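In what follows, a single structure is set out as C-alpha cells and then discussed.
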Amino acid sequence: MEGTALAELLLAGLGGLDEQQRVAGAALLDTLLVPDDGPLDLDGWTDRVLELLWRARGRPTDPVGEEVAALAAAGRAAGSLTAHGTAALLPARYAAARRRTALALTARSLPALLPQALADLTWVHRRLTQAELDARSRRVELDPAAARALREVTGVVRPLLQPDPRPPFVPEGAAALLREAQRRTCLGCGAPLRAGHDVVPLLPRLRLPLDSVAGLVAVCAPCARSRGTALPSLRVVWAWHRRPEPPDLPEPWEQERVAGALVAVVAALPAGVPLWAGRSTSDRSTGSEGDRLRALLAPA
C-alpha cells in the first residue's frame, strides 16, 4: 500500500477513536519508527503507551488509565517521576503492570489502529488471554512494505492522534546539570549560559515527545525563542552527541534511545526542509540526513 493511500485510510478512522486509542495509536507510530521491518513488540509498544500516559492531562478512566495512575503513584513514592525511571527502580512492579496493560491494549485498541493491510489480527478478540499472547511471543507480524509506508506518513498522522503541547519534563536539578555538562555554553549557538537559562527538547515534542533527560538541551533565550518545531541541524546534533552525561541525575539518561529516535525521524525528511541551527538561523535538509546522522552517531 502506498503511503498516501495508507494515510487516507488512517485519517478516515481517526474520528472513531477514543482518547486511549489515540494515545495508543501515537505510541504505535512511535514504536514503528525504528526501521527494522520486524514484528511489532507488544510490550515495547506498551512501554511507549505508559510513557505517553504518564503525565497526560486527564488519563482515561478505564483499566489502562487506572493501571498507569497506580504505577505512577508507586514510582513517585520510590523517587521517580517518569515511566522509565519507575521501570528502573521497581522492575517487578513495572513488568507486571506492563504485562496487564499490553493485554488490555491488544484486545481493545490494536484492531482499531492497524488496518488489515498491515497485519493479520483475526486472532485478537475481547477475551484475549495472556497465554494467547505468550503463545505468539507477544508480537504481531507486520507486512514489511505496509510498515514502511506507515513510517512515511507518521509525520502527518501522529500530531492528529496526540497533539502534545506540554512543556518537556525537566527533573529537579537537571537544568543546572545540563548547563555544566555543556561547559556553560548554549548548545544552539555557543553563547555563554547564565543561571535561569532555558531548557528545550532536542527533538520537538510535536514530532516525538520523549521524557528522556538526554533529549533536553540547555540554550540561551534567543535560541529558545527560535526553537519552534524544526528538527535539529547536524551541527546541533553533533554538539549534543559530544556532551557528556552529567553525574547524579535524578532520572535515566537514555542517550541511545534519543539518538535512535532522532535517526528514525530525520531519515524520513525530504530535501529542502528547514533545520534548527540555533538562534534565528536554519539549515536546509538535503534528503541524506538519515544516513549522515547514522554515521555521525555511530559508536567509535
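Letters A, B, ... go to the chains of the C-alpha cells in the order shown; residues in each chain start at 1; ligands are counted from 1 in the same order.
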
As a PyMOL selection string, please: all residues of range 112-297 of chain A that backbone DSSP puts in helix (DSSP H, G or I).
chain A and resi 112-113+130-135+144-152+154-161+174-181+213-215+221-225+234-242+255-266+289-297

Need to verify the contact set: Ser233 in chain A, 7 Å, only C-alpha atoms, exclusion of same-chain residues closer than 3 positions in sequence. Can you return it as a list in words?
Val236, Val237, Leu275, Trp276, Ala277 and Asp283 of chain A

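Here the residues within range 162-225 of chain A that DSSP labels strand (DSSP E) on the basis of the backbone are Asp198, Val199, Val200, Pro201, Leu216, Val217, Ala218 and Val219 of chain A.
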
Do a neighbour search on range 84-100 of chain A at 12 Å with only C-alpha atoms, toss out local chain neighbours closer than 5 positions, and write the hits as number ranges by chain.
A: 42-52, 54, 63-79, 105-107, 128-131, 133-134, 138, 171, 210-213, 249-254, 257
